[in-house]
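Participant: The structure follows.
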Amino acid sequence: MADTTFGPKGWTPERLGDLTGKTFVITGATAGVGFQAARTLLKKNASVVMLNRSAEKSQAVIAALKTEFGARADVRFIRMDLSVLASVREAAAEVLRTTPRIDALINNAAIAQTPTRKLTVDGFESQLGTNHYGHFLLNGLLFERVAESKGRIVVVASQGYNLGLRTINFDDMNWDKGYRPNTAYSQSKLAQMMFAYELQDRLAAAGRTDVQVYVCHPGSSATSLIATSGGRLTRFLSWLMTKTPLVQSAERGAWPEVMCATEDGLEQRALYGPTGFLQMVGPVGRGTLNPHAYDKPVMQQLWDVSEKAVGYEWKL
Ligand SMILES: NC(=O)c1ccc[n+]([C@@H]2O[C@H](COP(=O)([O-])OP(=O)(O)OC[C@H]3O[C@@H](n4cnc5c(N)ncnc54)[C@H](OP(=O)(O)O)[C@@H]3O)[C@@H](O)[C@H]2O)c1
């Protein structure tokens, strides 16, 4: 049943108040819903720090945002390639040096549907390495700054967590055997969700209420996700879909993550996103969260595997 918390139109940016004095750190804001989330927050006078892999694209989008909102719009970028752990460490150090508060750390960047199996420089299957391991390390390194700010962690997931294995392939994390683009993507997005739900549990066990952790997804949104990393057929099909009402704009796709970064009174053990047809489009609210996303033994094992993989132990 559709969530009616925010009325028939669902959550919209009309609910946003003035965000002066608040700082949002967002990964992958050069394009798609990340760019639109940055735009929506800047419109309300927030400070935005983008963690992007391309300096050139970052300069171009910052120039565009300053053209739209004026030269004093408080937006900057720090270079970070999520697929390279050393780059994540450098970027996190730079954030800690330059960013005294983080009201929300929005884990938005991703690659999807990489047609052939590739490994990151650290030896991880590229989607798992970029989407999950990179963010897992980043969040660990920035966690205390978020906590000092009584902030939030927002994970941008995907309904793809319902596809593929619906669990983590611990015997073959890097898909040495039987690599399939969509299965590997689905696992990487499920891993991101499990990170969030396990973090909630660890915070609760430690009696900590200083950080809230929320999970959302943009439904089906017209972005450059598939064009950036998908194969030719997937790119064609995804382009065809954008001609149907089953795909919404990237601007609307950004609403769930902006909501999770700003709105009070949300549930943590939940999944927010569009609540219309197949939860791909439509009013933004609380959607369906299937229990395999918080399968406790799997979440715990994934946490241990992830700490070892990235060489970082969380202290909560
Ligand atoms: N669009 C959808 O329908 C849909 C559906 C479900 C979930 N999602 C999720 O929504 C989120 C945003 O995706 P999107 O659709 O907006 O895709 P997008 O338009 O391709 O934007 C992805 C962003 O991530 C960045 N990125 C990719 N690899 C990176 C890396 N190694 N290091 C740092 N940044 C990197 C990209 O940078 P570059 O510009 O340099 O490529 C870009 O800024 C993702 O988490 C995705 O899984 C999207």
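Simple scheme: letters A, B, ... for chains in structure tokens order, numbers from 1 for residues in each chain, numbers from 1 for ligands in the order shown.
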Can you tell me which residues surround Leu225 (chain A) at a distance of at most 8 Å, considering only C-alpha atoms, apart from same-chain residues fewer than 5 positions away, and format the answer as a PyMOL selection string?

Facilitator: chain A and resi 32+110-112+230

Participant: Residues at most 12 Å from Asn107 (chain A), counting only C-alpha atoms, excluding those fewer than 5 positions away in the same chain, as an MDAnalysis selection string?

Facilitator: chainID A and resid 24:29 33:34 37 50:52 82 130:139 142 152:157 189 192:193 195:196 213:217 257:258 260:261

Participant: Could you write out the selected residues, including N, CA and C atoms, as a tab-separated table (two decimals), in the first residue's frame?

Facilitator:
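New file part_33.tsv:
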```tsv
chain	number	residue	atom	x	y	z
A	24	PHE	N	26.46	19.19	3.14
A	24	PHE	CA	26.14	17.88	2.59
A	24	PHE	C	27.33	17.41	1.74
A	25	VAL	N	27.81	16.23	2.06
A	25	VAL	CA	28.91	15.64	1.28
A	25	VAL	C	28.28	14.54	0.43
A	26	ILE	N	28.51	14.61	-0.87
A	26	ILE	CA	27.83	13.68	-1.77
A	26	ILE	C	28.82	13.08	-2.76
A	27	THR	N	28.76	11.77	-2.93
A	27	THR	CA	29.64	11.12	-3.89
A	27	THR	C	28.95	11.08	-5.26
A	28	GLY	N	29.74	11.33	-6.30
A	28	GLY	CA	29.23	11.22	-7.67
A	28	GLY	C	28.16	12.24	-8.00
A	29	ALA	N	28.56	13.51	-7.94
A	29	ALA	CA	27.58	14.58	-8.22
A	29	ALA	C	27.85	15.27	-9.55
A	33	VAL	N	21.30	11.69	-10.71
A	33	VAL	CA	20.56	12.10	-9.53
A	33	VAL	C	21.47	12.79	-8.51
A	34	GLY	N	22.75	12.45	-8.50
A	34	GLY	CA	23.68	13.11	-7.58
A	34	GLY	C	23.80	14.59	-7.89
A	37	ALA	N	20.59	16.21	-6.88
A	37	ALA	CA	20.49	16.35	-5.41
A	37	ALA	C	21.30	17.57	-4.97
A	50	MET	N	31.27	17.96	-3.17
A	50	MET	CA	31.13	16.81	-4.06
A	50	MET	C	32.40	15.99	-4.03
A	51	LEU	N	32.26	14.68	-3.95
A	51	LEU	CA	33.41	13.79	-4.07
A	51	LEU	C	33.30	13.09	-5.43
A	52	ASN	N	34.07	13.58	-6.39
A	52	ASN	CA	33.92	13.14	-7.78
A	52	ASN	C	35.23	12.59	-8.32
A	82	LEU	N	36.26	6.23	-6.25
A	82	LEU	CA	35.80	5.20	-5.31
A	82	LEU	C	36.36	3.82	-5.61
A	130	THR	N	33.69	-0.50	-6.42
A	130	THR	CA	33.31	0.91	-6.50
A	130	THR	C	32.12	1.21	-5.59
A	131	ASN	N	31.06	0.44	-5.78
A	131	ASN	CA	29.80	0.78	-5.12
A	131	ASN	C	29.83	0.45	-3.62
A	132	HIS	N	30.36	-0.70	-3.29
A	132	HIS	CA	30.33	-1.11	-1.88
A	132	HIS	C	31.65	-0.83	-1.14
A	133	TYR	N	32.75	-1.44	-1.56
A	133	TYR	CA	33.98	-1.31	-0.77
A	133	TYR	C	34.45	0.14	-0.67
A	134	GLY	N	34.39	0.87	-1.78
A	134	GLY	CA	34.82	2.27	-1.74
A	134	GLY	C	34.02	3.07	-0.72
A	135	HIS	N	32.70	2.90	-0.77
A	135	HIS	CA	31.84	3.63	0.18
A	135	HIS	C	32.03	3.13	1.61
A	136	PHE	N	32.23	1.82	1.77
A	136	PHE	CA	32.41	1.25	3.12
A	136	PHE	C	33.61	1.93	3.80
A	137	LEU	N	34.70	2.06	3.06
A	137	LEU	CA	35.89	2.71	3.61
A	137	LEU	C	35.64	4.20	3.86
A	138	LEU	N	35.05	4.87	2.89
A	138	LEU	CA	34.79	6.31	3.01
A	138	LEU	C	33.97	6.62	4.26
A	139	ASN	N	32.92	5.83	4.46
A	139	ASN	CA	32.04	6.07	5.61
A	139	ASN	C	32.76	5.83	6.93
A	142	LEU	N	35.00	8.85	7.59
A	142	LEU	CA	34.30	10.13	7.88
A	142	LEU	C	33.29	10.01	9.01
A	152	ARG	N	23.77	12.43	9.35
A	152	ARG	CA	23.14	11.23	8.77
A	152	ARG	C	24.05	10.61	7.74
A	153	ILE	N	23.84	9.33	7.57
A	153	ILE	CA	24.45	8.62	6.44
A	153	ILE	C	23.29	8.18	5.56
A	154	VAL	N	23.39	8.49	4.29
A	154	VAL	CA	22.32	8.11	3.35
A	154	VAL	C	22.93	7.18	2.30
A	155	VAL	N	22.34	6.02	2.15
A	155	VAL	CA	22.81	5.08	1.14
A	155	VAL	C	21.81	5.07	-0.01
A	156	VAL	N	22.31	5.33	-1.21
A	156	VAL	CA	21.45	5.29	-2.39
A	156	VAL	C	21.55	3.87	-2.97
A	157	ALA	N	20.47	3.14	-2.82
A	157	ALA	CA	20.45	1.73	-3.19
A	157	ALA	C	19.75	1.57	-4.54
A	189	LYS	N	24.71	-3.58	-4.89
A	189	LYS	CA	23.72	-2.69	-4.29
A	189	LYS	C	23.14	-3.32	-3.02
A	192	GLN	N	25.58	-2.67	-0.32
A	192	GLN	CA	25.48	-1.29	0.22
A	192	GLN	C	24.34	-1.19	1.23
A	193	MET	N	23.22	-1.85	0.92
A	193	MET	CA	22.08	-1.82	1.85
A	193	MET	C	22.43	-2.55	3.14
A	195	PHE	N	25.30	-2.93	4.44
A	195	PHE	CA	26.19	-2.06	5.20
A	195	PHE	C	25.38	-1.10	6.06
A	196	ALA	N	24.35	-0.50	5.46
A	196	ALA	CA	23.55	0.50	6.18
A	196	ALA	C	22.78	-0.15	7.34
A	213	VAL	N	20.93	6.51	9.99
A	213	VAL	CA	21.33	5.89	8.72
A	213	VAL	C	20.06	5.56	7.92
A	214	TYR	N	19.98	6.09	6.72
A	214	TYR	CA	18.78	5.89	5.91
A	214	TYR	C	19.13	5.29	4.55
A	215	VAL	N	18.18	4.54	4.01
A	215	VAL	CA	18.40	3.90	2.71
A	215	VAL	C	17.27	4.30	1.76
A	216	CYS	N	17.64	4.64	0.55
A	216	CYS	CA	16.64	5.04	-0.45
A	216	CYS	C	17.07	4.54	-1.82
A	217	HIS	N	16.23	4.79	-2.81
A	217	HIS	CA	16.62	4.50	-4.21
A	217	HIS	C	15.85	5.46	-5.11
A	257	GLU	N	16.85	10.83	-2.04
A	257	GLU	CA	18.08	11.03	-1.28
A	257	GLU	C	18.11	12.39	-0.59
A	258	VAL	N	17.49	13.37	-1.21
A	258	VAL	CA	17.41	14.68	-0.54
A	258	VAL	C	16.50	14.56	0.69
A	260	CYS	N	15.97	11.86	2.50
A	260	CYS	CA	16.68	11.11	3.55
A	260	CYS	C	17.78	11.95	4.19
A	261	ALA	N	18.31	12.92	3.46
A	261	ALA	CA	19.36	13.77	4.01
A	261	ALA	C	18.81	14.91	4.88
```

Participant: Using only C-alpha atoms, which residues sit within 12 Å of Ser306 (chain A) once same-chain residues fewer than 3 positions away are excluded, as number ranges by chain?

Facilitator: A: 124, 128-129, 132-137, 140, 168, 170, 173, 188, 191-192, 194-195, 298-303, 309-314

Participant: Would you save the residues from that selection as a PDB file, in the first residue's frame, using C-alpha atoms?

Facilitator:
```pdb
ATOM      1  CA  PHE A 124      37.930  -6.272  -6.476  1.00  0.00           C
ATOM      2  CA  LEU A 128      31.507  -4.358  -5.806  1.00  0.00           C
ATOM      3  CA  GLY A 129      34.771  -2.442  -5.440  1.00  0.00           C
ATOM      4  CA  HIS A 132      30.331  -1.107  -1.879  1.00  0.00           C
ATOM      5  CA  TYR A 133      33.981  -1.315  -0.769  1.00  0.00           C
ATOM      6  CA  GLY A 134      34.825   2.270  -1.738  1.00  0.00           C
ATOM      7  CA  HIS A 135      31.840   3.631   0.180  1.00  0.00           C
ATOM      8  CA  PHE A 136      32.410   1.253   3.122  1.00  0.00           C
ATOM      9  CA  LEU A 137      35.894   2.709   3.614  1.00  0.00           C
ATOM     10  CA  GLY A 140      34.410   4.557   8.174  1.00  0.00           C
ATOM     11  CA  ILE A 168      26.216 -12.293  -0.922  1.00  0.00           C
ATOM     12  CA  PHE A 170      30.990 -15.153  -0.129  1.00  0.00           C
ATOM     13  CA  MET A 173      33.057 -12.292  -4.065  1.00  0.00           C
ATOM     14  CA  SER A 188      26.931  -4.637  -5.029  1.00  0.00           C
ATOM     15  CA  ALA A 191      25.930  -5.071  -0.115  1.00  0.00           C
ATOM     16  CA  GLN A 192      25.479  -1.295   0.218  1.00  0.00           C
ATOM     17  CA  MET A 194      23.440  -4.465   4.203  1.00  0.00           C
ATOM     18  CA  PHE A 195      26.195  -2.059   5.201  1.00  0.00           C
ATOM     19  CA  VAL A 298      24.927 -12.361   6.037  1.00  0.00           C
ATOM     20  CA  MET A 299      25.201  -8.702   7.123  1.00  0.00           C
ATOM     21  CA  GLN A 300      27.629  -9.591   9.905  1.00  0.00           C
ATOM     22  CA  GLN A 301      29.796 -11.710   7.647  1.00  0.00           C
ATOM     23  CA  LEU A 302      29.783  -9.034   4.962  1.00  0.00           C
ATOM     24  CA  TRP A 303      30.931  -6.448   7.506  1.00  0.00           C
ATOM     25  CA  ALA A 309      39.111  -6.239   2.168  1.00  0.00           C
ATOM     26  CA  VAL A 310      39.588  -2.490   2.640  1.00  0.00           C
ATOM     27  CA  GLY A 311      42.015  -2.761   5.576  1.00  0.00           C
ATOM     28  CA  TYR A 312      39.942  -0.604   7.900  1.00  0.00           C
ATOM     29  CA  GLU A 313      38.379  -1.583  11.214  1.00  0.00           C
ATOM     30  CA  TRP A 314      35.381   0.448  12.353  1.00  0.00           C
TER      31      TRP A 314
END
```

Participant: Can you pull out the residues contacting Thr183 (chain A)? Cut-off 9 Å, using only C-alpha atoms, and skip same-chain residues under 6 positions away; I want them as a PyMOL selection string.

Facilitator: chain A and resi 113+160+163-165

Participant: Output C-alpha atoms for every residue in the selection just made, as a PDB file, in the first residue's frame.

Facilitator:
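This went into part_32.pdb:
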```pdb
ATOM      1  CA  GLN A 113      26.039  -3.294 -15.629  1.00  0.00           C
ATOM      2  CA  GLY A 160      18.180  -4.347  -8.163  1.00  0.00           C
ATOM      3  CA  LEU A 163      17.497  -9.467  -8.529  1.00  0.00           C
ATOM      4  CA  GLY A 164      20.413 -11.844  -8.879  1.00  0.00           C
ATOM      5  CA  LEU A 165      21.340 -14.042  -5.914  1.00  0.00           C
TER       6      LEU A 165
END
```

Participant: Per DSSP on the backbone, filter region 117-260 of chain A down to the residues in strand (DSSP E or B) and report them as a count of residues only.

Facilitator: 16

Participant: Could you check how far CA of Asn182 (chain A) sits from atom 15 (O, counted along the ligand's line) of ligand 1, in Å to one decimal?

Facilitator: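 Spanning CA of Asn182 (chain A) to atom 15 (O, counted along the ligand's line) of ligand 1 is a straight-line distance of 14.6 Å.
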
Participant: With only C-alpha atoms as the atoms that count, which of A:Arg101, A:Lys44, A:Lys66, A:His292 lies nearest to Phe143 (chain A)?

Facilitator: A:Arg101

Participant: Using only C-alpha atoms and all ligand atoms, pick whichever of A:Arg97, A:Arg252, A:Arg15, A:Lys22 has the shortest atom-to-atom distance to ligand 1.

Facilitator: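 Comparing A:Arg97, A:Arg252, A:Arg15, A:Lys22 against ligand 1, the winner is A:Arg252.
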